[in-house]
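Step one of this worksheet: look at the structure below.
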Amino acid sequence: MPIVQLRSILDNDFYKITMQNAVVKIFPHQKVKYKFINRGKHKFPEGFGKSLRKSVDSMSYLRLTKAEKKFMIKTCPYIDLPYLDFLEGYRYDPSEVKIRQMGNDLDVSVEGLWYRTILWEVPLLALISELHYVMNHLERDANNIVIEKTIDKANFLNLLGVNFAEFGTRRRHSFNVQDMVVKALCNKCDTTFIGTSNVYFAMKYHIKPIGTHAHEWFMFHAAEYGFKMANAIALEHWVDVYRGDLGVALSDTFTTEVFFRQFDKKFSKLFDGVRHDSGDPLEFADKTIAHYTENGINPLFKYIIFSDGLNLEKVEEITKYCKGKIGVSFGIGTNLTNDVGLKPMNIVIKLVGVQAQNREWIPTVKLSDEKEKYTGEKKMIELAKEFLSIKDH
């Protein structure tokens with residue numbers, strides 16, 4: 001029975017580390033639930049659940065090494081030292097993860113204290129993706145082809161003159177493919193490659209770990225404080241912890257329109273830019289430029305990180321459209337780490353519930369700029385739309 005073993009506790013997206021640092025400080029008592037969502041309706045072969053279980057159980061041995069801690073202290077001065085001491089003693093608890101396979105369907109959920117369970121999402125998705133290819137005996141492109149594709153993309157992006165980062169851990173083909181891709185990008189001298197979201201590879205290749213926060217940060221705040229105040233309080237808490245560092249705000253948890261209502265002049269000046277993750281990127285650029293202009297801010301002093309299902313054609317279109325209007329950068333994920341001649345998986349794990357002290361479970365909601373990406377119970381989605389005056393688009 002095959003298993004996939006992670007090599008490092010830092011084999012995770014950087015925004016999980018930055019969010020965990022904030023959660024340890026602000027929300028040490030809150031419990032949460034996460035749920036695996038099989039958007040692509042993928043079929044899982046017999047024994048997949050058992051292999052995943054063994055892979056998850058093996059994660060209990062991971063720990064932050066002295067070298068990894070030293071790297072974090074040197075590279076990320078805005079991360080609290082007491083948090084790094086905590087992370088040094090942190091161990092994954094596999095009992096927090098429930099796995100059940102029914103025929104070709106897979107049910108995976110995570111439940112526990114938020115500050116503990118927050119690290120599970122990305123490695124779980126990476127394990128599921130890699131096991132999918134292993135257990136279905138799917139043959140990928142040869143290493144030299146993967147490297148050539150990566151270098152061709154780097155050349156193209158360099159000619160465009162746009163900065164880009166690798167964001168592909170969650171749905172990578174495998175650890176080895178991601179390693180190969182990042183190494184190729186680092187070895188390419190004339191490139192606009194600026195870093196990776198994967199902290200382990202950032203350390204291995206001496207590059208910058210990139211990330212701030214994810215949708216769950218805002219989803220949690222909506223469950224804890226209410227939909228109307230979620231964006232503002234979530235941003236305020238972020239500023240309280242990082243004091244101007246990690247200044248890119250994710251905009252589409254409850255639609256961009258709602259976000260910009262609360263992204264007032266104070267936040268617009270404090271944050272370096274915003275991240276786009278759903279909906280039409282050119283429309284988003286127009287809305288962002290208009291928002292900064294209306295608040296008396298030159299959009300050319302700010303930037304947008306685009307990160308929604310990017311390929312080279314999209315990057316080129318966005319770059320040309322935004323040129324001379326606003327700064328741009330790109331976080332490219334699956335197109336870098338799973339462009340191996342096979343169909344990438346379409347899977348996510350989302351925060352689905354929050355329980356504060358002595359309170360009942362509150363279902364969470366995400367209302368992105370694409371209705372198809374809405375997540376949450378139907379009743380709560382309708383309630384959120386009512387509170388936030390969101391009309392279907």
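Convention: chains lettered A, B, ... in structure tokens order; per-chain residue numbering from 1; ligands numbered from 1 as shown.
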
Write out as an mmCIF file with N, CA and C atoms, in the first residue's frame which residues come within 12 Å of Glu360 in chain A when counting only C-alpha atoms, dropping same-chain ones fewer than 2 positions away.
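Saved to selection33.cif:
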```
data_model
loop_
_atom_site.group_PDB
_atom_site.id
_atom_site.type_symbol
_atom_site.label_atom_id
_atom_site.label_comp_id
_atom_site.auth_asym_id
_atom_site.auth_seq_id
_atom_site.Cartn_x
_atom_site.Cartn_y
_atom_site.Cartn_z
ATOM 1 N N GLN A 30 -10.402 29.151 20.230
ATOM 2 C CA GLN A 30 -11.458 28.856 19.267
ATOM 3 C C GLN A 30 -11.210 27.527 18.547
ATOM 4 N N LYS A 31 -12.290 26.779 18.370
ATOM 5 C CA LYS A 31 -12.235 25.529 17.629
ATOM 6 C C LYS A 31 -12.836 25.718 16.244
ATOM 7 N N VAL A 32 -12.366 24.912 15.287
ATOM 8 C CA VAL A 32 -12.839 25.041 13.907
ATOM 9 C C VAL A 32 -12.997 23.662 13.284
ATOM 10 N N ALA A 223 -17.800 34.477 11.148
ATOM 11 C CA ALA A 223 -18.477 33.618 12.109
ATOM 12 C C ALA A 223 -18.351 34.166 13.529
ATOM 13 N N GLU A 224 -17.238 34.775 13.819
ATOM 14 C CA GLU A 224 -16.960 35.257 15.173
ATOM 15 C C GLU A 224 -17.602 36.614 15.458
ATOM 16 N N GLY A 353 -16.739 25.547 9.765
ATOM 17 C CA GLY A 353 -17.421 25.851 11.016
ATOM 18 C C GLY A 353 -16.475 26.430 12.046
ATOM 19 N N VAL A 354 -17.022 27.275 12.928
ATOM 20 C CA VAL A 354 -16.252 27.917 13.991
ATOM 21 C C VAL A 354 -17.010 27.762 15.297
ATOM 22 N N GLN A 355 -16.286 27.420 16.355
ATOM 23 C CA GLN A 355 -16.895 27.321 17.678
ATOM 24 C C GLN A 355 -16.067 28.137 18.657
ATOM 25 N N ALA A 356 -16.638 29.229 19.146
ATOM 26 C CA ALA A 356 -15.969 30.004 20.180
ATOM 27 C C ALA A 356 -16.228 29.315 21.518
ATOM 28 N N GLN A 357 -15.642 29.837 22.585
ATOM 29 C CA GLN A 357 -15.815 29.219 23.890
ATOM 30 C C GLN A 357 -17.289 29.178 24.277
ATOM 31 N N ASN A 358 -17.743 27.993 24.712
ATOM 32 C CA ASN A 358 -19.111 27.803 25.216
ATOM 33 C C ASN A 358 -20.182 28.240 24.231
ATOM 34 N N ILE A 362 -20.863 27.548 14.432
ATOM 35 C CA ILE A 362 -21.399 28.520 13.476
ATOM 36 C C ILE A 362 -20.843 28.167 12.099
ATOM 37 N N PRO A 363 -21.704 27.873 11.129
ATOM 38 C CA PRO A 363 -21.217 27.546 9.779
ATOM 39 C C PRO A 363 -20.561 28.762 9.126
#
```

Quiz prompt | Contacts of Glu121 in chain A at 9 Å (only C-alpha atoms; same-chain gap of 3+ positions) as an MDAnalysis selection string | solution = chainID A and resid 12 16 34 36 110 117:118 124:126 170 348:350

Output for the residues just chosen: C-alpha atoms as a compact mmCIF listing (two decimals), in the first residue's frame:
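Output (part.txt):
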```txt
# COMPACT_ATOMS: atom_id res chain seq x y z
CA ASN A 12 3.48 24.19 3.63
CA LYS A 16 -0.44 29.10 6.96
CA TYR A 34 -12.44 21.98 7.81
CA PHE A 36 -12.46 18.43 1.80
CA VAL A 110 -10.38 18.20 10.26
CA THR A 117 -5.47 22.51 12.96
CA ILE A 118 -4.65 25.47 10.71
CA LEU A 124 -3.47 17.24 3.05
CA LEU A 125 -4.26 18.54 -0.43
CA ALA A 126 -0.69 17.87 -1.56
CA ARG A 170 -1.65 22.54 -2.76
CA VAL A 348 -9.91 22.29 -2.03
CA ILE A 349 -10.23 22.13 1.74
CA LYS A 350 -12.33 24.89 3.27
```

For the contact check between range 238-347 of chain A and range 154-161 of chain A, emit one row per residue of range 238-347 of chain A within 8 Å, containing the shortest atom pair and the distance in Å rounded to one decimal, counting only C-alpha atoms, chain then rising number order, as a tab-separated table.
```
residue	atom	partner	partner_atom	distance
A:Leu312	CA	A:Leu157	CA	7.8
A:Glu316	CA	A:Leu160	CA	7.2
A:Thr319	CA	A:Leu160	CA	7.7
```

Would you export the selected residues with all heavy atoms as a PDB file, in the first residue's frame, please?
```
ATOM      1  N   LEU A 312      -0.012  31.414 -19.007  1.00  0.00           N
ATOM      2  CA  LEU A 312       0.771  32.486 -19.629  1.00  0.00           C
ATOM      3  C   LEU A 312      -0.091  33.472 -20.410  1.00  0.00           C
ATOM      4  O   LEU A 312       0.179  34.677 -20.413  1.00  0.00           O
ATOM      5  CB  LEU A 312       1.841  31.890 -20.553  1.00  0.00           C
ATOM      6  CG  LEU A 312       2.910  31.021 -19.877  1.00  0.00           C
ATOM      7  CD1 LEU A 312       3.964  30.602 -20.884  1.00  0.00           C
ATOM      8  CD2 LEU A 312       3.554  31.747 -18.700  1.00  0.00           C
ATOM      9  N   GLU A 316      -0.226  37.488 -19.685  1.00  0.00           N
ATOM     10  CA  GLU A 316       0.095  38.477 -20.720  1.00  0.00           C
ATOM     11  C   GLU A 316      -1.052  39.478 -20.882  1.00  0.00           C
ATOM     12  O   GLU A 316      -0.821  40.698 -20.958  1.00  0.00           O
ATOM     13  CB  GLU A 316       0.371  37.782 -22.050  1.00  0.00           C
ATOM     14  CG  GLU A 316       0.759  38.752 -23.168  1.00  0.00           C
ATOM     15  CD  GLU A 316       1.134  38.033 -24.454  1.00  0.00           C
ATOM     16  OE1 GLU A 316       0.647  36.905 -24.682  1.00  0.00           O
ATOM     17  OE2 GLU A 316       1.914  38.608 -25.241  1.00  0.00           O
ATOM     18  N   THR A 319      -1.146  41.796 -17.822  1.00  0.00           N
ATOM     19  CA  THR A 319       0.012  42.693 -17.797  1.00  0.00           C
ATOM     20  C   THR A 319      -0.167  43.854 -18.759  1.00  0.00           C
ATOM     21  O   THR A 319       0.068  45.021 -18.403  1.00  0.00           O
ATOM     22  CB  THR A 319       1.296  41.911 -18.151  1.00  0.00           C
ATOM     23  OG1 THR A 319       1.480  40.863 -17.208  1.00  0.00           O
ATOM     24  CG2 THR A 319       2.506  42.827 -18.141  1.00  0.00           C
TER      25      THR A 319
END
```

Write out, as a Markdown table, each residue of range 185-236 of chain A that has an atom at most 10 Å from range 379-389 of chain A, together with the closest pair of atoms and their distance in Å to one decimal, counting only C-alpha atoms, rows going by chain and rising number.
```
| residue | atom | partner | partner_atom | distance |
| --- | --- | --- | --- | --- |
| A:Ala222 | CA | A:Ala384 | CA | 9.2 |
| A:Gly226 | CA | A:Ala384 | CA | 9.1 |
| A:Phe227 | CA | A:Ala384 | CA | 6.4 |
| A:Lys228 | CA | A:Leu388 | CA | 6.3 |
| A:Met229 | CA | A:Leu388 | CA | 9.9 |
```

Exercise. Please provide the set of residues having any atom within 12 Å of range 259-263 of chain A, restricted to only C-alpha atoms, with same-chain residues fewer than 4 positions apart removed, written as a PyMOL selection string.
Key: chain A and resi 218+227-236+248-255+267-271+273-276+284+287-292+294-295+367-369+388-390

Kindly save the residues from that selection, with C-alpha atoms included, as a short mmCIF file (atom, residue, chain, number, x, y, z; two decimals), in the first residue's frame.
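Full text of out05.cif as output:
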```
data_model
loop_
_atom_site.label_atom_id
_atom_site.label_comp_id
_atom_site.auth_asym_id
_atom_site.auth_seq_id
_atom_site.Cartn_x
_atom_site.Cartn_y
_atom_site.Cartn_z
CA PHE A 218 -12.02 36.44 6.84
CA PHE A 227 -20.75 39.36 8.25
CA LYS A 228 -20.96 43.15 8.24
CA MET A 229 -17.79 43.66 10.29
CA ALA A 230 -15.77 40.65 9.10
CA ASN A 231 -13.52 42.38 6.56
CA ALA A 232 -12.77 45.41 8.74
CA ILE A 233 -12.01 43.46 11.92
CA ALA A 234 -9.97 40.85 10.04
CA LEU A 235 -7.83 43.59 8.47
CA GLU A 236 -7.51 45.43 11.79
CA VAL A 248 -1.32 42.36 0.79
CA ALA A 249 -5.05 42.04 1.50
CA LEU A 250 -7.16 39.24 0.03
CA SER A 251 -10.23 40.86 -1.47
CA ASP A 252 -12.86 38.33 -2.52
CA THR A 253 -14.06 36.35 0.52
CA PHE A 254 -17.40 38.17 0.45
CA THR A 255 -17.11 39.65 -3.06
CA PHE A 267 -6.45 50.35 5.06
CA SER A 268 -5.79 51.46 1.50
CA LYS A 269 -2.74 53.37 2.69
CA LEU A 270 -1.57 50.79 5.22
CA PHE A 271 -1.66 47.82 2.86
CA GLY A 273 -1.82 46.11 -2.33
CA VAL A 274 -4.53 43.52 -2.80
CA ARG A 275 -4.74 39.96 -4.09
CA HIS A 276 -7.17 38.85 -6.80
CA PHE A 284 -11.02 43.66 -10.75
CA LYS A 287 -12.36 48.41 -9.56
CA THR A 288 -9.06 48.51 -7.67
CA ILE A 289 -7.70 51.45 -9.67
CA ALA A 290 -10.98 53.34 -9.19
CA HIS A 291 -10.94 52.62 -5.45
CA TYR A 292 -7.43 53.97 -4.96
CA GLU A 294 -11.33 57.82 -5.20
CA ASN A 295 -9.31 57.72 -1.98
CA LEU A 367 -18.91 34.34 -1.41
CA SER A 368 -16.25 34.82 -4.05
CA ASP A 369 -16.66 36.84 -7.24
CA LEU A 388 -24.19 42.31 2.86
CA SER A 389 -26.72 43.39 0.20
CA ILE A 390 -25.19 41.03 -2.38
#
```

Exercise. Name the residues of range 39-201 of chain A that fall into alpha helix (DSSP H) according to DSSP on the backbone, using the chain letters and numbers of this document, as a ChimeraX atom specification.
Key: /A:48-57,66-75,81-89,114-117,121-135,143-160,175-187,199-201
